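Structure data (compact mmCIF, C-alpha atoms) from upload-v8.txt:
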```
# COMPACT_ATOMS: atom_id res chain seq x y z
CA MET A 1 -49.28 -1.94 -36.55
CA THR A 2 -46.24 -2.07 -34.30
CA SER A 3 -43.02 -3.26 -35.91
CA PRO A 4 -42.01 -6.80 -34.88
CA ALA A 5 -39.48 -7.12 -32.07
CA ILE A 6 -37.04 -8.79 -34.47
CA ALA A 7 -37.08 -5.83 -36.89
CA SER A 8 -33.84 -4.31 -35.56
CA ASP A 9 -31.97 -7.62 -35.86
CA ILE A 10 -33.17 -7.99 -39.44
CA ALA A 11 -32.15 -4.42 -40.29
CA THR A 12 -28.66 -5.11 -38.90
CA LEU A 13 -28.37 -8.23 -41.05
CA PHE A 14 -29.49 -6.33 -44.15
CA ALA A 15 -26.90 -3.62 -43.52
CA ALA A 16 -24.17 -6.22 -43.09
CA ARG A 17 -25.15 -7.72 -46.45
CA ASN A 18 -24.60 -4.44 -48.31
CA THR A 19 -28.19 -3.59 -49.13
CA HIS A 20 -29.88 -0.22 -49.58
CA ALA A 21 -32.86 0.09 -47.23
CA VAL A 22 -35.89 1.44 -49.09
CA GLU A 23 -39.44 2.44 -48.27
CA VAL A 24 -42.17 2.36 -50.89
CA ALA A 25 -45.65 3.89 -50.81
CA VAL A 26 -48.51 1.91 -49.30
CA LEU A 27 -50.85 3.01 -52.10
CA GLN A 28 -49.67 1.57 -55.43
CA PRO A 29 -50.98 1.58 -59.02
CA ALA A 30 -52.99 -1.62 -59.30
CA ASP A 31 -52.33 -2.48 -62.95
CA PRO A 32 -48.83 -3.97 -62.52
CA PHE A 33 -50.13 -6.38 -59.87
CA LEU A 34 -53.24 -7.26 -61.86
CA ASP A 35 -51.19 -7.86 -65.00
CA MET A 36 -48.10 -9.59 -63.63
CA ALA A 37 -48.55 -10.98 -60.13
CA GLY A 38 -50.73 -13.98 -60.95
CA GLU A 39 -54.23 -15.17 -60.20
CA ASP A 40 -53.56 -16.19 -56.59
CA LEU A 41 -52.36 -12.74 -55.52
CA ARG A 42 -54.70 -10.83 -57.84
CA ARG A 43 -57.84 -12.09 -56.07
CA ARG A 44 -56.44 -11.11 -52.66
CA ILE A 45 -55.67 -7.47 -53.47
CA PHE A 46 -57.51 -4.58 -51.79
CA LEU A 47 -58.52 -2.22 -54.61
CA THR A 48 -59.55 1.43 -54.48
CA GLU A 49 -59.77 4.34 -56.93
CA SER A 50 -58.23 7.81 -57.02
CA GLU A 51 -60.19 11.01 -57.66
CA THR A 52 -58.97 10.91 -61.25
CA GLY A 53 -60.27 7.38 -61.75
CA GLN A 54 -56.92 5.57 -61.52
CA THR A 55 -57.22 2.09 -60.01
CA LEU A 56 -55.01 1.82 -56.93
CA CYS A 57 -54.37 -0.90 -54.38
CA LEU A 58 -52.92 -1.32 -50.94
CA ARG A 59 -49.39 -2.70 -51.28
CA PRO A 60 -49.82 -6.51 -51.51
CA GLU A 61 -46.09 -7.28 -51.82
CA PHE A 62 -42.77 -5.47 -52.24
CA THR A 63 -41.07 -6.83 -55.36
CA ILE A 64 -43.06 -4.85 -57.93
CA PRO A 65 -43.00 -1.53 -55.95
CA VAL A 66 -39.24 -1.83 -55.33
CA CYS A 67 -38.64 -2.48 -59.05
CA LEU A 68 -40.87 0.47 -60.02
CA ASP A 69 -38.95 2.76 -57.65
CA HIS A 70 -35.64 1.52 -59.04
CA ILE A 71 -36.75 2.34 -62.59
CA ALA A 72 -38.05 5.77 -61.57
CA SER A 73 -34.83 6.64 -59.71
CA GLN A 74 -32.66 5.59 -62.70
CA ALA A 75 -30.22 4.06 -60.22
CA GLY A 76 -27.29 2.07 -61.54
CA THR A 77 -26.90 -1.67 -61.21
CA PRO A 78 -26.00 -4.06 -59.73
CA ARG A 79 -27.88 -2.84 -56.68
CA ARG A 80 -29.36 -4.66 -53.69
CA TYR A 81 -32.46 -3.30 -51.96
CA SER A 82 -33.85 -4.35 -48.59
CA TYR A 83 -37.23 -3.59 -47.05
CA LEU A 84 -39.32 -4.23 -43.97
CA GLY A 85 -42.93 -3.09 -43.82
CA GLU A 86 -46.59 -3.94 -43.96
CA VAL A 87 -48.38 -5.61 -46.83
CA PHE A 88 -52.13 -5.99 -47.25
CA ARG A 89 -53.83 -9.11 -48.62
CA GLN A 90 -57.01 -11.03 -48.03
CA ARG A 91 -55.90 -14.23 -46.35
CA ARG A 92 -57.61 -17.49 -45.44
CA GLU A 93 -55.87 -17.45 -42.07
CA GLY A 94 -54.20 -14.71 -40.06
CA GLY A 95 -54.68 -10.98 -40.39
CA ASN A 96 -55.07 -9.14 -43.67
CA GLU A 97 -52.33 -6.69 -42.64
CA PHE A 98 -48.94 -8.15 -41.79
CA PHE A 99 -45.20 -7.48 -42.01
CA GLN A 100 -42.78 -8.76 -44.61
CA ALA A 101 -39.05 -8.22 -45.01
CA GLY A 102 -36.74 -9.13 -47.86
CA ILE A 103 -34.04 -8.32 -50.38
CA GLU A 104 -34.34 -7.59 -54.11
CA ASP A 105 -31.04 -8.13 -55.95
CA LEU A 106 -31.07 -6.28 -59.28
CA GLY A 107 -28.66 -6.20 -62.19
CA ASP A 108 -26.11 -8.91 -61.35
CA ARG A 109 -25.36 -10.72 -64.63
CA ASP A 110 -23.85 -13.71 -62.80
CA THR A 111 -27.21 -15.36 -62.26
CA ALA A 112 -25.83 -18.48 -60.58
CA ALA A 113 -24.02 -16.41 -57.94
CA ALA A 114 -26.97 -14.04 -57.44
CA ASP A 115 -29.43 -16.94 -57.07
CA ALA A 116 -27.18 -18.61 -54.51
CA ARG A 117 -26.74 -15.34 -52.63
CA SER A 118 -30.50 -14.77 -52.45
CA LEU A 119 -31.07 -18.23 -51.02
CA ALA A 120 -28.18 -17.74 -48.58
CA ASP A 121 -29.54 -14.34 -47.46
CA ALA A 122 -32.97 -15.84 -46.75
CA HIS A 123 -31.45 -18.81 -44.92
CA ALA A 124 -29.22 -16.52 -42.84
CA LEU A 125 -32.16 -14.32 -41.86
CA LEU A 126 -34.23 -17.28 -40.67
CA SER A 127 -31.26 -18.82 -38.85
CA LEU A 128 -30.74 -15.48 -37.06
CA VAL A 129 -34.32 -15.01 -35.86
CA LEU A 130 -35.08 -18.71 -35.27
CA PRO A 131 -31.93 -20.00 -33.56
CA GLY A 132 -31.96 -23.74 -33.06
CA ARG A 133 -34.71 -24.37 -35.57
CA GLU A 134 -34.01 -26.88 -38.33
CA LEU A 135 -34.93 -25.44 -41.72
CA ALA A 136 -36.11 -27.23 -44.86
CA VAL A 137 -35.52 -25.66 -48.28
CA THR A 138 -37.50 -26.60 -51.39
CA LEU A 139 -36.12 -25.43 -54.72
CA GLY A 140 -37.66 -25.46 -58.20
CA ASP A 141 -36.65 -24.08 -61.58
CA GLN A 142 -39.03 -22.56 -64.13
CA THR A 143 -36.31 -22.57 -66.80
CA ILE A 144 -35.72 -26.32 -66.49
CA PHE A 145 -39.48 -26.94 -66.67
CA GLU A 146 -39.83 -24.82 -69.82
CA ALA A 147 -36.77 -26.49 -71.38
CA VAL A 148 -38.40 -29.90 -70.89
CA LEU A 149 -41.64 -28.66 -72.49
CA ALA A 150 -39.73 -27.30 -75.48
CA ALA A 151 -37.64 -30.46 -75.85
CA LEU A 152 -40.83 -32.54 -75.89
CA GLY A 153 -41.99 -30.51 -78.89
CA LEU A 154 -45.08 -29.04 -77.26
CA PRO A 155 -46.61 -26.16 -79.26
CA ARG A 156 -46.33 -22.64 -77.88
CA GLY A 157 -49.87 -22.52 -76.56
CA TRP A 158 -49.38 -25.60 -74.42
CA ARG A 159 -45.99 -24.43 -73.22
CA MET A 160 -47.53 -21.13 -72.11
CA ARG A 161 -50.43 -22.81 -70.32
CA LEU A 162 -48.21 -25.26 -68.47
CA ALA A 163 -45.72 -22.53 -67.59
CA ARG A 164 -48.55 -20.43 -66.10
CA ALA A 165 -49.71 -23.47 -64.12
CA PHE A 166 -46.23 -24.03 -62.67
CA GLY A 167 -46.55 -23.16 -58.99
CA SER A 168 -50.20 -24.20 -58.64
CA ALA A 169 -50.69 -27.93 -58.14
CA PRO A 170 -54.43 -27.84 -59.02
CA MET A 171 -53.81 -25.81 -62.20
CA LEU A 172 -50.95 -28.08 -63.27
CA GLU A 173 -53.00 -31.20 -62.60
CA ALA A 174 -55.91 -29.80 -64.63
CA ALA A 175 -53.60 -28.84 -67.51
CA LEU A 176 -52.03 -32.31 -67.60
CA ALA A 177 -55.49 -33.91 -67.58
CA ASP A 178 -56.50 -31.78 -70.57
CA LEU A 179 -53.23 -32.59 -72.31
CA ALA A 180 -53.88 -36.30 -71.90
CA ASN A 181 -57.53 -36.01 -72.98
CA PRO A 182 -58.24 -32.74 -74.81
CA PRO A 183 -61.78 -31.49 -74.04
CA ARG A 184 -64.32 -31.16 -76.79
CA ASN A 185 -64.97 -27.73 -78.25
CA SER A 186 -67.38 -25.80 -76.06
CA GLN A 187 -70.24 -23.81 -77.48
CA ILE A 188 -69.29 -20.16 -78.09
CA ALA A 189 -71.56 -17.41 -79.39
CA GLY A 190 -71.35 -16.89 -83.17
CA ALA A 191 -69.43 -13.60 -83.35
CA VAL A 192 -66.91 -14.69 -80.71
CA ALA A 193 -66.56 -18.13 -82.26
CA ALA A 194 -65.64 -16.63 -85.65
CA LEU A 195 -63.02 -14.33 -84.11
CA VAL A 196 -61.55 -17.19 -82.07
CA LEU A 197 -61.40 -19.41 -85.15
CA ASP A 198 -59.61 -16.64 -87.09
CA GLY A 199 -57.18 -16.11 -84.19
CA ASP A 200 -57.83 -12.35 -84.45
CA LEU A 201 -56.60 -11.22 -81.03
CA GLU A 202 -57.10 -7.49 -81.62
CA ALA A 203 -60.67 -7.77 -82.91
CA LEU A 204 -61.63 -10.32 -80.24
CA SER A 205 -60.22 -8.09 -77.48
CA ALA A 206 -62.23 -5.13 -78.78
CA HIS A 207 -65.39 -7.24 -78.97
CA ILE A 208 -64.96 -8.52 -75.39
CA GLY A 209 -64.09 -5.05 -74.11
CA GLY A 210 -67.25 -3.64 -75.68
CA GLY A 211 -69.34 -6.33 -74.08
CA MET A 212 -67.79 -5.68 -70.68
CA GLU A 213 -68.44 -1.96 -71.03
CA GLU A 214 -72.08 -2.55 -71.95
CA ALA A 215 -72.46 -4.82 -68.93
CA GLY A 216 -70.88 -2.22 -66.63
CA LEU A 217 -67.89 -4.41 -65.80
CA SER A 218 -64.53 -2.82 -64.98
CA ALA A 219 -61.65 -4.02 -67.14
CA THR A 220 -59.30 -3.66 -64.14
CA ALA A 221 -61.36 -5.68 -61.66
CA GLY A 222 -60.17 -9.00 -63.10
CA ARG A 223 -58.72 -10.25 -66.34
CA SER A 224 -58.38 -7.67 -69.09
CA PRO A 225 -60.23 -8.07 -72.42
CA SER A 226 -56.94 -8.86 -74.17
CA GLU A 227 -56.10 -11.53 -71.60
CA ILE A 228 -59.55 -13.11 -71.95
CA ALA A 229 -59.22 -13.04 -75.74
CA ARG A 230 -55.76 -14.57 -75.63
CA ARG A 231 -56.97 -17.37 -73.35
CA LEU A 232 -59.95 -18.15 -75.64
CA ILE A 233 -57.69 -18.40 -78.69
CA GLU A 234 -55.16 -20.51 -76.80
CA LYS A 235 -57.88 -22.89 -75.57
CA ALA A 236 -59.09 -23.39 -79.12
CA GLU A 237 -55.54 -24.18 -80.23
CA LEU A 238 -54.92 -26.46 -77.24
CA ARG A 239 -57.94 -28.62 -78.05
CA SER A 240 -56.32 -29.63 -81.33
CA VAL A 241 -53.17 -31.06 -79.67
CA ARG A 242 -52.73 -34.52 -78.15
CA LEU A 243 -49.33 -35.48 -76.73
CA SER A 244 -48.00 -38.93 -77.58
CA ASN A 245 -48.06 -41.53 -74.80
CA GLU A 246 -44.25 -41.60 -74.79
CA ALA A 247 -43.91 -37.83 -74.46
CA PHE A 248 -46.65 -37.65 -71.82
CA ALA A 249 -44.90 -40.36 -69.79
CA ALA A 250 -41.63 -38.41 -70.04
CA LEU A 251 -43.31 -35.25 -68.77
CA LYS A 252 -44.86 -37.11 -65.84
CA GLY A 253 -41.49 -38.71 -65.11
CA PHE A 254 -39.81 -35.32 -65.03
CA LEU A 255 -42.41 -33.88 -62.64
CA ALA A 256 -41.84 -36.82 -60.30
CA ILE A 257 -38.17 -35.90 -59.72
CA ASP A 258 -37.70 -34.93 -56.05
CA VAL A 259 -34.12 -35.34 -54.83
CA PRO A 260 -31.49 -33.64 -52.62
CA LEU A 261 -29.92 -30.70 -54.43
CA ASP A 262 -26.45 -32.26 -54.50
CA SER A 263 -27.78 -35.10 -56.70
CA ALA A 264 -30.32 -33.05 -58.69
CA ALA A 265 -28.11 -32.23 -61.70
CA GLY A 266 -27.29 -35.92 -62.10
CA ALA A 267 -30.96 -36.88 -61.82
CA LEU A 268 -31.89 -34.34 -64.50
CA ALA A 269 -29.10 -35.51 -66.80
CA SER A 270 -30.22 -39.13 -66.39
CA PHE A 271 -33.83 -38.20 -67.08
CA ALA A 272 -32.85 -36.29 -70.23
CA ALA A 273 -30.70 -39.16 -71.51
CA ASP A 274 -33.42 -41.76 -70.86
CA ALA A 275 -36.06 -39.59 -72.56
CA GLY A 276 -33.79 -38.69 -75.49
CA LEU A 277 -34.03 -34.97 -74.70
CA SER A 278 -31.48 -32.16 -74.61
CA LEU A 279 -31.84 -29.59 -71.81
CA GLY A 280 -28.79 -27.62 -73.02
CA ALA A 281 -28.02 -24.33 -71.28
CA ALA A 282 -30.84 -24.76 -68.77
CA LEU A 283 -29.10 -27.78 -67.22
CA GLU A 284 -25.68 -26.08 -67.37
CA ASN A 285 -27.07 -23.07 -65.48
CA PHE A 286 -28.78 -25.35 -62.96
CA SER A 287 -25.47 -27.11 -62.25
CA ALA A 288 -23.62 -23.79 -61.90
CA ARG A 289 -26.20 -22.54 -59.39
CA ALA A 290 -26.00 -25.74 -57.33
CA ALA A 291 -22.22 -25.38 -57.17
CA ALA A 292 -22.57 -21.72 -56.12
CA ILE A 293 -25.03 -22.65 -53.37
CA GLU A 294 -22.65 -25.30 -52.05
CA SER A 295 -19.72 -22.84 -52.16
CA LEU A 296 -21.60 -20.51 -49.80
CA GLY A 297 -21.68 -23.23 -47.16
CA LEU A 298 -25.42 -23.86 -47.21
CA PRO A 299 -26.45 -27.26 -45.82
CA MET A 300 -27.07 -29.20 -49.02
CA SER A 301 -28.77 -32.02 -47.09
CA GLU A 302 -31.53 -29.56 -46.10
CA ILE A 303 -32.20 -28.46 -49.71
CA ARG A 304 -34.40 -30.53 -52.03
CA TYR A 305 -35.03 -30.03 -55.71
CA ASP A 306 -38.65 -30.76 -56.62
CA ALA A 307 -39.19 -30.61 -60.39
CA ALA A 308 -42.91 -29.86 -59.92
CA PHE A 309 -42.35 -27.07 -57.39
CA GLY A 310 -43.15 -23.50 -58.37
CA ARG A 311 -44.54 -20.38 -56.71
CA PRO A 312 -47.90 -18.75 -57.63
CA LEU A 313 -46.52 -15.49 -59.03
CA ASP A 314 -46.51 -15.05 -62.79
CA TYR A 315 -43.32 -12.98 -62.98
CA TYR A 316 -40.88 -15.75 -62.02
CA THR A 317 -38.56 -16.94 -64.80
CA GLY A 318 -35.98 -19.26 -63.23
CA LEU A 319 -35.11 -20.25 -59.68
CA VAL A 320 -37.98 -20.45 -57.18
CA PHE A 321 -37.60 -21.48 -53.56
CA GLU A 322 -39.32 -21.64 -50.19
CA ILE A 323 -37.92 -22.21 -46.71
CA ALA A 324 -39.99 -23.65 -43.86
CA ALA A 325 -39.30 -24.93 -40.38
CA GLN A 326 -38.52 -28.65 -40.54
CA GLY A 327 -41.89 -30.39 -40.39
CA GLY A 328 -43.79 -27.12 -40.83
CA GLU A 329 -46.56 -26.76 -43.39
CA ARG A 330 -46.36 -23.03 -44.16
CA PRO A 331 -43.32 -21.35 -45.75
CA LEU A 332 -41.45 -18.76 -43.72
CA ALA A 333 -39.60 -17.37 -46.74
CA GLY A 334 -40.14 -17.52 -50.48
CA GLY A 335 -38.40 -16.09 -53.50
CA GLY A 336 -37.13 -16.51 -57.00
CA ARG A 337 -35.74 -15.01 -60.21
CA TYR A 338 -37.69 -12.54 -62.36
CA ASP A 339 -35.55 -11.51 -65.32
CA ARG A 340 -38.40 -10.14 -67.47
CA LEU A 341 -40.23 -8.16 -64.79
CA LEU A 342 -38.35 -4.85 -64.95
CA THR A 343 -38.66 -4.64 -68.73
CA LEU A 344 -42.41 -5.25 -68.42
CA LEU A 345 -42.56 -2.49 -65.81
CA GLY A 346 -40.91 0.01 -68.16
CA ALA A 347 -37.13 -0.38 -67.86
CA LYS A 348 -35.46 0.67 -71.11
CA THR A 349 -32.94 -2.17 -71.00
CA PRO A 350 -33.27 -5.69 -69.54
CA ILE A 351 -32.34 -5.89 -65.85
CA PRO A 352 -32.04 -9.36 -64.27
CA GLY A 353 -33.46 -9.71 -60.79
CA VAL A 354 -33.83 -12.19 -57.96
CA GLY A 355 -35.22 -11.74 -54.47
CA PHE A 356 -37.06 -13.15 -51.50
CA SER A 357 -39.44 -12.13 -48.74
CA VAL A 358 -40.14 -13.53 -45.27
CA TRP A 359 -43.42 -13.66 -43.35
CA LEU A 360 -42.65 -12.04 -40.00
CA ASP A 361 -45.96 -13.02 -38.36
CA ARG A 362 -45.22 -16.70 -38.99
CA ILE A 363 -41.70 -16.27 -37.65
CA GLU A 364 -42.96 -14.58 -34.48
CA ALA A 365 -45.47 -17.36 -33.92
CA LEU A 366 -42.64 -19.91 -34.06
CA ARG A 367 -40.46 -17.85 -31.74
CA GLU A 368 -43.15 -18.14 -29.08
CA THR A 369 -42.74 -21.93 -29.04
CA ALA A 370 -39.62 -23.80 -27.98
CA PRO A 371 -37.57 -25.34 -30.80
```
Same coordinates, now as structure tokens:
Amino acid sequence: MTSPAIASDIATLFAARNTHAVEVAVLQPADPFLDMAGEDLRRRIFLTESETGQTLCLRPEFTIPVCLDHIASQAGTPRRYSYLGEVFRQRREGGNEFFQAGIEDLGDRDTAAADARSLADAHALLSLVLPGRELAVTLGDQTIFEAVLAALGLPRGWRMRLARAFGSAPMLEAALADLANPPRNSQIAGAVAALVLDGDLEALSAHIGGGMEEAGLSATAGRSPSEIARRLIEKAELRSVRLSNEAFAALKGFLAIDVPLDSAAGALASFAADAGLSLGAALENFSARAAAIESLGLPMSEIRYDAAFGRPLDYYTGLVFEIAAQGGERPLAGGGRYDRLLTLLGAKTPIPGVGFSVWLDRIEALRETAP
């Protein structure tokens, strides 16, 4: 595919923002995406296999490959990487091969400043290539959501399920429905039922893996045996929990918060006080980030905090955001914080990270119409 006409302008902006331009291979090991990218992206990946039997995929996004390259290069941090290239995904609309550009900001321990910078970089890019267009920013926070779940006293299994659902409205709605009315125990075959009841993850994983092998199913084509086993055990545990009406009402009240960013910290503090909850450091970090965003001159009236907003990638841990044209339905840019990702990918020490990407085909389509 031919590079978009706006590629040179974007490259100039990236250089001015002190980033290191990188290129990563189109063919990537599939396992990191299958394990960490989330269900929505996992089912859109184009898979293939090497001569040695390794499962590979066409690059479906840039964050994981850039992080893998950073680990392999043993580069120091903080370090900011920029990229512009093709990604390959099965899509409901548009081509399966399209261009993305973005910045991955690794190693800055001042998370409030780095989060604000990432949002500002994405906003500046869109303002550059879509002059005159009004932009709408939606911001969410995985850390705040998880702090609310913990403060409500939800057991670990429920916290994990709800955290995974954050970013998918249907999954979150289904989880809340189950939380309000736990389903009855489903019928499970005897051997599996005993292992689930015992909570024996290792033995259950081995049993499921053996069954998949006998059936000729690839363990890399979907969920792994250990993931299936973990989900079965969690579901059994979840069925035994029913949230009190008061706590359930508080959770629903939290998810209904949708306010301009400059009043979001106050709205969260009021919610916590009314519900008798303490959000502690999560709220302090949220307030620090909001102040950092305002200090960069971003239009606070264009930024909304939606407590129920997330993005469908499993590796996010804190800030998540999307930017769209005012009145537009599809995001033009999306990003967030992923502090655990590099450790999961093999980094020897924890490396915080935050980044964003933009959809260049959507931007070009808008450029063809008058603002």
Between atom CA of A:Glu104 and atom CA of A:Thr77, distance in Å (one decimal):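 Value for the atom CA of A:Glu104-atom CA of A:Thr77 distance: 11.9 Å.
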Can you list, as an mmCIF file with C-alpha atoms, keeping the file's coordinate frame, every protein, DNA or RNA residue that comes within 7 Å of A:Ile323 when you count all atoms listed in the file, leaving out same-chain residues fewer than 5 positions away?
```cif
data_model
loop_
_atom_site.group_PDB
_atom_site.id
_atom_site.type_symbol
_atom_site.label_atom_id
_atom_site.label_comp_id
_atom_site.auth_asym_id
_atom_site.auth_seq_id
_atom_site.Cartn_x
_atom_site.Cartn_y
_atom_site.Cartn_z
ATOM 1 C CA LEU A 135 -34.930 -25.440 -41.720
ATOM 2 C CA ALA A 136 -36.110 -27.230 -44.860
ATOM 3 C CA VAL A 137 -35.520 -25.660 -48.280
ATOM 4 C CA THR A 138 -37.500 -26.600 -51.390
ATOM 5 C CA PRO A 331 -43.320 -21.350 -45.750
ATOM 6 C CA LEU A 332 -41.450 -18.760 -43.720
ATOM 7 C CA ALA A 333 -39.600 -17.370 -46.740
ATOM 8 C CA GLY A 334 -40.140 -17.520 -50.480
#
```
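Neighbours of stretch 3-20 of chain A closer than or equal to 9 Å, with only C-alpha atoms counted and sequence neighbours fewer than 6 positions away skipped, come out as Arg79, Arg80, Tyr81, Ser82, Tyr83, Leu84, Gly85, Glu86, Phe99, Ala101, Gly102, Ile103, Glu104, Asp105, Asp121, Ala124, Leu125, Leu128, Val129, Leu360, Asp361 and Glu364 of chain A.
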Kindly assemble as a tab-separated table a list of the stretch 256-285 of chain A residues that lie within 7 Å of stretch 306-312 of chain A, each paired with its nearest atom pair and their distance in Å to one decimal, using all atoms listed in the file, sorted first by chain and then by ascending residue number.
```
residue	atom	partner	partner_atom	distance
A:Ala256	CA	A:Ala307	CA	6.8
A:Ile257	CA	A:Ala307	CA	5.4
A:Asp258	CA	A:Asp306	CA	4.3
A:Val259	CA	A:Asp306	CA	6.7
```
Two-atom distance - atom CA of A:Ile144, atom CA of A:Arg304 (Å):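 Going from atom CA of A:Ile144 over to atom CA of A:Arg304 covers 15.1 Å.
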12 Å contact set for A:Pro299, only C-alpha atoms, chain neighbours under 3 positions out, as a ChimeraX atom specification: /A:119-120,123-124,127,134-137,260-262,290,293-296,302-304
Mind writing the picked residues with C-alpha atoms as a short mmCIF file (atom, residue, chain, number, x, y, z; two decimals), keeping the file's coordinate frame?
```cif
data_model
loop_
_atom_site.label_atom_id
_atom_site.label_comp_id
_atom_site.auth_asym_id
_atom_site.auth_seq_id
_atom_site.Cartn_x
_atom_site.Cartn_y
_atom_site.Cartn_z
CA LEU A 119 -31.07 -18.23 -51.02
CA ALA A 120 -28.18 -17.74 -48.58
CA HIS A 123 -31.45 -18.81 -44.92
CA ALA A 124 -29.22 -16.52 -42.84
CA SER A 127 -31.26 -18.82 -38.85
CA GLU A 134 -34.01 -26.88 -38.33
CA LEU A 135 -34.93 -25.44 -41.72
CA ALA A 136 -36.11 -27.23 -44.86
CA VAL A 137 -35.52 -25.66 -48.28
CA PRO A 260 -31.49 -33.64 -52.62
CA LEU A 261 -29.92 -30.70 -54.43
CA ASP A 262 -26.45 -32.26 -54.50
CA ALA A 290 -26.00 -25.74 -57.33
CA ILE A 293 -25.03 -22.65 -53.37
CA GLU A 294 -22.65 -25.30 -52.05
CA SER A 295 -19.72 -22.84 -52.16
CA LEU A 296 -21.60 -20.51 -49.80
CA GLU A 302 -31.53 -29.56 -46.10
CA ILE A 303 -32.20 -28.46 -49.71
CA ARG A 304 -34.40 -30.53 -52.03
#
```
Test item: residues at most 6 Å from stretch 22-28 of chain A, all atoms listed in the file, excluding those fewer than 5 positions along its chain, as a ChimeraX atom specification: /A:56-59,83
Restricting it to C-alpha atoms, dump the selection as a PDB file, in the frame of the given file.
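And here is the file that came out, part.pdb:
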```pdb
ATOM      1  CA  LEU A  56     -55.010   1.820 -56.930  1.00  0.00           C
ATOM      2  CA  CYS A  57     -54.370  -0.900 -54.380  1.00  0.00           C
ATOM      3  CA  LEU A  58     -52.920  -1.320 -50.940  1.00  0.00           C
ATOM      4  CA  ARG A  59     -49.390  -2.700 -51.280  1.00  0.00           C
ATOM      5  CA  TYR A  83     -37.230  -3.590 -47.050  1.00  0.00           C
TER       6      TYR A  83
END
```
For stretch 6-24 of chain A, I'd like the enclosing box, axis-aligned and padded by 5 Å on every side, reported as JSON with centre and edge lengths in Å to one decimal.
```
{"center_x": -33.2, "center_y": -3.2, "center_z": -42.7, "size_x": 28.0, "size_y": 21.2, "size_z": 26.4}
```
Option closest in space to A:Thr143, from A:Ser278, A:Thr52, A:Thr2, A:Thr317 [counting all atoms listed in the file]: A:Thr317
A:Glu93 environment, 12 Å, only C-alpha atoms, sequence neighbours closer than 5 positions dropped, as a PyMOL selection string: chain A and resi 98+330+361-362
Between atom CA of A:Ile351 and atom CA of A:Leu126 - distance in Å to one decimal: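 Interatomic distance here is 27.7 Å.
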